[in-house]
Structures are given as C-alpha cells and as structure tokens.
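Heads up: the structure comes next, in structure tokens.
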Amino acid sequence: MAKLTETVQSGDWKAEKHVPVIHIDKKDDGFKVCAIVGEEIEHPNTFEHHIAWIKVFFQPEGEKFPVEVASYQAAAHGEGEVFTKPHAHAYVKSTKPGKVFALSYCNIHGLWESAEEVK
C-alpha cells in the first residue's frame with residue numbers, strides 16, 4: 001500500500017507552476033514567510049484547474065515535528081470573474097534556526113512541496 005508522502009511531488013519552481021515558492025524575511029525576533037504558487041509561471045486558477053490550498057510549516061532545529069504556521073484556502077476560481085492568487089503568509093516568532101516547508105494541492109496535478117532553511 002502506498003503512503004500519501006509517496007505521492008508528493010517537487011521540482012524547480014522556475015520551470016513548474018505547481019511548486020510553492022518560499023520567501024523568508026529575517027527579523028530580530030523571528031521571520032516573515034510567504035509561500036506562493038505560480039510565481040514564475042502563473043497557475044491558471046480557474047474553476048476547472050486551481051490550487052485548492054497551501055500549508056506552511058516550520059520545524060525548529062532540534063525539534064522532532066514541524067508546526068503549521070500558515071494556511072491558505074482558495075475562495076474564488078473565476079466565479080463572477082473573481083480569481084484568487086495562492087499566497088500563504090505568516091510572521092513566525094522564533095530565535096531558533098530551522099526549516100520551512102510548504103505544501104500545495106492542485107485539483108488536477110496533486111500535491112507539491114518545497115523547503116527552505118531559516119538560519
């Protein structure tokens with residue numbers, strides 16, 4: 001039996017419109033994080049083909065599990081000519097370095113992930 005984690009895809013976000021791009025802006029007491037899907041190659045985000053959600057996690061160095069720090073749930077996919085662009089934002093207070101993980105779900109192409117170090 002396959003595990004869900006075996007279905008998660010990754011890739012170069014400059015060549016693949018489904019991979020979440022993670023931006024980290026360090027601050028004195030933590031960092032701002034933004035995960036965007038479709039930064040270089042825009043995702044269609046139509047009713048038929050869209051990013052349904054993004055989840056962002058932070059795993060502080062030395063900790064066993066990551067903690068969910070941001071979530072985006074798509075609200076509009078072209079209804080009445082209104083579209084949403086998939087972005088998840090958070091301000092994380094932590095003095096520890098660690099790793100940020102972003103996971104996104106496309107209703108046609110499945111789960112996608114990326115990760116960035118926070119130093």
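Going by the structure tokens order, chains are called A, B, ..., each with residues numbered from 1, while ligands are numbered from 1 in the order shown.
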Can you tell me which residues surround range 46-61 of chain A at a distance of at most 7 Å, considering only C-alpha atoms, apart from same-chain residues fewer than 4 positions away, and format the answer as a PDB file with N, CA and C atoms, in the first residue's frame?
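The resulting file, around.pdb, is reproduced below:
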ATOM      1  N   PHE A  65       9.066  17.479  15.316  1.00  0.00           N
ATOM      2  CA  PHE A  65       7.967  17.710  14.379  1.00  0.00           C
ATOM      3  C   PHE A  65       7.881  19.167  13.934  1.00  0.00           C
ATOM      4  N   PRO A  66       7.437  19.387  12.694  1.00  0.00           N
ATOM      5  CA  PRO A  66       7.161  20.754  12.256  1.00  0.00           C
ATOM      6  C   PRO A  66       5.821  21.229  12.822  1.00  0.00           C
ATOM      7  N   VAL A  67       5.657  22.554  12.863  1.00  0.00           N
ATOM      8  CA  VAL A  67       4.432  23.185  13.354  1.00  0.00           C
ATOM      9  C   VAL A  67       3.799  23.956  12.190  1.00  0.00           C
ATOM     10  N   GLU A  68       2.494  23.806  11.998  1.00  0.00           N
ATOM     11  CA  GLU A  68       1.820  24.569  10.949  1.00  0.00           C
ATOM     12  C   GLU A  68       1.779  26.036  11.359  1.00  0.00           C
ATOM     13  N   VAL A  69       2.280  26.924  10.477  1.00  0.00           N
ATOM     14  CA  VAL A  69       2.330  28.354  10.796  1.00  0.00           C
ATOM     15  C   VAL A  69       1.474  29.211   9.862  1.00  0.00           C
ATOM     16  N   ALA A  70       1.058  28.662   8.716  1.00  0.00           N
ATOM     17  CA  ALA A  70       0.218  29.423   7.793  1.00  0.00           C
ATOM     18  C   ALA A  70      -0.609  28.466   6.954  1.00  0.00           C
ATOM     19  N   SER A  71      -1.773  28.970   6.523  1.00  0.00           N
ATOM     20  CA  SER A  71      -2.663  28.174   5.699  1.00  0.00           C
ATOM     21  C   SER A  71      -3.422  29.091   4.746  1.00  0.00           C
ATOM     22  N   TYR A  72      -3.583  28.646   3.515  1.00  0.00           N
ATOM     23  CA  TYR A  72      -4.349  29.377   2.509  1.00  0.00           C
ATOM     24  C   TYR A  72      -5.390  28.429   1.951  1.00  0.00           C
ATOM     25  N   GLN A  73      -6.620  28.853   1.913  1.00  0.00           N
ATOM     26  CA  GLN A  73      -7.707  28.079   1.312  1.00  0.00           C
ATOM     27  C   GLN A  73      -8.281  28.916   0.181  1.00  0.00           C
ATOM     28  N   ALA A  74      -8.244  28.407  -1.039  1.00  0.00           N
ATOM     29  CA  ALA A  74      -8.744  29.159  -2.188  1.00  0.00           C
ATOM     30  C   ALA A  74     -10.232  29.427  -2.048  1.00  0.00           C
ATOM     31  N   HIS A  77     -12.385  30.866  -7.970  1.00  0.00           N
ATOM     32  CA  HIS A  77     -11.693  30.303  -9.136  1.00  0.00           C
ATOM     33  C   HIS A  77     -12.338  30.780 -10.428  1.00  0.00           C
ATOM     34  N   GLY A  78     -12.766  32.021 -10.474  1.00  0.00           N
ATOM     35  CA  GLY A  78     -13.361  32.564 -11.685  1.00  0.00           C
ATOM     36  C   GLY A  78     -14.855  32.796 -11.588  1.00  0.00           C
ATOM     37  N   PRO A  86      -2.851  32.154  -5.183  1.00  0.00           N
ATOM     38  CA  PRO A  86      -2.470  31.397  -3.989  1.00  0.00           C
ATOM     39  C   PRO A  86      -1.203  31.912  -3.298  1.00  0.00           C
ATOM     40  N   ALA A  88       0.291  32.210   0.920  1.00  0.00           N
ATOM     41  CA  ALA A  88       0.112  31.982   2.360  1.00  0.00           C
ATOM     42  C   ALA A  88       1.190  32.782   3.083  1.00  0.00           C
ATOM     43  N   LYS A  96      15.220  30.311  17.109  1.00  0.00           N
ATOM     44  CA  LYS A  96      15.931  29.140  16.616  1.00  0.00           C
ATOM     45  C   LYS A  96      15.948  29.118  15.087  1.00  0.00           C
ATOM     46  N   PRO A  97      17.044  28.625  14.517  1.00  0.00           N
ATOM     47  CA  PRO A  97      17.021  28.352  13.081  1.00  0.00           C
ATOM     48  C   PRO A  97      16.165  27.104  12.837  1.00  0.00           C
ATOM     49  N   GLY A  98      15.936  26.780  11.597  1.00  0.00           N
ATOM     50  CA  GLY A  98      15.157  25.585  11.280  1.00  0.00           C
ATOM     51  C   GLY A  98      14.858  25.507   9.807  1.00  0.00           C
ATOM     52  N   LYS A  99      13.743  24.861   9.504  1.00  0.00           N
ATOM     53  CA  LYS A  99      13.371  24.651   8.110  1.00  0.00           C
ATOM     54  C   LYS A  99      11.894  24.978   7.916  1.00  0.00           C
ATOM     55  N   VAL A 100      11.606  25.695   6.835  1.00  0.00           N
ATOM     56  CA  VAL A 100      10.232  25.987   6.434  1.00  0.00           C
ATOM     57  C   VAL A 100       9.863  25.026   5.309  1.00  0.00           C
ATOM     58  N   PHE A 101       8.708  24.399   5.446  1.00  0.00           N
ATOM     59  CA  PHE A 101       8.167  23.502   4.426  1.00  0.00           C
ATOM     60  C   PHE A 101       6.869  24.109   3.904  1.00  0.00           C
ATOM     61  N   ALA A 102       6.647  24.032   2.600  1.00  0.00           N
ATOM     62  CA  ALA A 102       5.378  24.461   2.017  1.00  0.00           C
ATOM     63  C   ALA A 102       4.818  23.306   1.197  1.00  0.00           C
ATOM     64  N   LEU A 103       3.525  23.082   1.340  1.00  0.00           N
ATOM     65  CA  LEU A 103       2.819  22.017   0.646  1.00  0.00           C
ATOM     66  C   LEU A 103       1.609  22.641  -0.040  1.00  0.00           C
ATOM     67  N   SER A 104       1.425  22.347  -1.321  1.00  0.00           N
ATOM     68  CA  SER A 104       0.272  22.877  -2.050  1.00  0.00           C
ATOM     69  C   SER A 104      -0.470  21.730  -2.725  1.00  0.00           C
ATOM     70  N   TYR A 105      -1.765  21.986  -3.006  1.00  0.00           N
ATOM     71  CA  TYR A 105      -2.592  20.965  -3.653  1.00  0.00           C
ATOM     72  C   TYR A 105      -3.292  21.548  -4.867  1.00  0.00           C
ATOM     73  N   CYS A 106      -3.009  20.960  -6.037  1.00  0.00           N
ATOM     74  CA  CYS A 106      -3.690  21.301  -7.280  1.00  0.00           C
ATOM     75  C   CYS A 106      -4.775  20.257  -7.505  1.00  0.00           C
ATOM     76  N   ASN A 107      -5.979  20.703  -7.854  1.00  0.00           N
ATOM     77  CA  ASN A 107      -7.089  19.768  -8.011  1.00  0.00           C
ATOM     78  C   ASN A 107      -6.881  18.783  -9.163  1.00  0.00           C
ATOM     79  N   ILE A 108      -5.954  19.060 -10.079  1.00  0.00           N
ATOM     80  CA  ILE A 108      -5.688  18.137 -11.186  1.00  0.00           C
ATOM     81  C   ILE A 108      -4.348  17.426 -11.022  1.00  0.00           C
TER      82      ILE A 108
END
Test item: residues at most 6 Å from range 89-91 of chain A, only C-alpha atoms, excluding those fewer than 5 positions along its chain, as a PyMOL selection string: chain A and resi 31-34+70
For Ala76 in chain A: contacts at 9 Å, only C-alpha atoms, fewer than 4 positions along chain excluded, given as a list in words: Asn45, Thr46, Phe47, Gly80, Glu81, Val82, Phe83, Thr84 and Lys85 of chain A
Can I get the selection written as a compact mmCIF listing (two decimals), in the first residue's frame, with all heavy atoms?
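Output below, filename part-v5.txt:
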# COMPACT_ATOMS: atom_id res chain seq x y z
N ASN A 45 -5.61 28.80 -12.09
CA ASN A 45 -6.58 29.10 -11.04
C ASN A 45 -7.98 29.37 -11.59
O ASN A 45 -8.63 30.35 -11.23
CB ASN A 45 -6.09 30.24 -10.15
CG ASN A 45 -4.87 29.81 -9.37
OD1 ASN A 45 -4.80 28.67 -8.90
ND2 ASN A 45 -3.89 30.67 -9.28
N THR A 46 -8.41 28.49 -12.46
CA THR A 46 -9.77 28.53 -12.96
C THR A 46 -10.61 27.52 -12.18
O THR A 46 -10.08 26.74 -11.39
CB THR A 46 -9.81 28.14 -14.45
OG1 THR A 46 -9.37 26.79 -14.58
CG2 THR A 46 -8.95 29.06 -15.29
N PHE A 47 -11.90 27.54 -12.41
CA PHE A 47 -12.78 26.60 -11.73
C PHE A 47 -12.36 25.16 -12.03
O PHE A 47 -12.40 24.30 -11.17
CB PHE A 47 -14.24 26.84 -12.16
CG PHE A 47 -15.23 26.06 -11.34
CD1 PHE A 47 -15.50 26.42 -10.04
CD2 PHE A 47 -15.86 24.95 -11.88
CE1 PHE A 47 -16.40 25.70 -9.27
CE2 PHE A 47 -16.77 24.22 -11.12
CZ PHE A 47 -17.03 24.60 -9.82
N GLY A 80 -17.93 34.75 -11.28
CA GLY A 80 -18.20 36.17 -11.48
C GLY A 80 -16.96 36.95 -11.86
O GLY A 80 -16.82 38.12 -11.52
N GLU A 81 -16.03 36.32 -12.57
CA GLU A 81 -14.76 36.93 -12.98
C GLU A 81 -13.86 37.31 -11.80
O GLU A 81 -13.03 38.20 -11.90
CB GLU A 81 -15.01 38.16 -13.87
CG GLU A 81 -15.67 37.83 -15.19
CD GLU A 81 -14.85 36.84 -16.03
OE1 GLU A 81 -13.64 37.00 -16.19
OE2 GLU A 81 -15.47 35.88 -16.53
N VAL A 82 -14.04 36.66 -10.65
CA VAL A 82 -13.20 36.88 -9.47
C VAL A 82 -12.27 35.67 -9.33
O VAL A 82 -12.72 34.52 -9.32
CB VAL A 82 -14.05 37.05 -8.19
CG1 VAL A 82 -13.16 37.16 -6.96
CG2 VAL A 82 -14.96 38.26 -8.31
N PHE A 83 -10.98 35.96 -9.22
CA PHE A 83 -9.97 34.91 -9.09
C PHE A 83 -9.11 35.20 -7.87
O PHE A 83 -8.91 36.36 -7.51
CB PHE A 83 -9.05 34.88 -10.33
CG PHE A 83 -9.77 34.58 -11.61
CD1 PHE A 83 -10.35 35.60 -12.34
CD2 PHE A 83 -9.86 33.28 -12.08
CE1 PHE A 83 -11.01 35.33 -13.53
CE2 PHE A 83 -10.52 33.00 -13.26
CZ PHE A 83 -11.09 34.02 -13.99
N THR A 84 -8.61 34.18 -7.22
CA THR A 84 -7.64 34.37 -6.14
C THR A 84 -6.28 33.85 -6.60
O THR A 84 -6.20 32.92 -7.40
CB THR A 84 -8.06 33.63 -4.85
OG1 THR A 84 -8.31 32.26 -5.16
CG2 THR A 84 -9.31 34.25 -4.26
N LYS A 85 -5.23 34.48 -6.10
CA LYS A 85 -3.87 34.02 -6.36
C LYS A 85 -3.37 33.37 -5.09
O LYS A 85 -3.44 33.96 -4.02
CB LYS A 85 -2.98 35.18 -6.78
CG LYS A 85 -3.36 35.71 -8.14
CD LYS A 85 -2.24 36.53 -8.71
CE LYS A 85 -2.60 36.91 -10.13
NZ LYS A 85 -1.43 37.19 -10.92
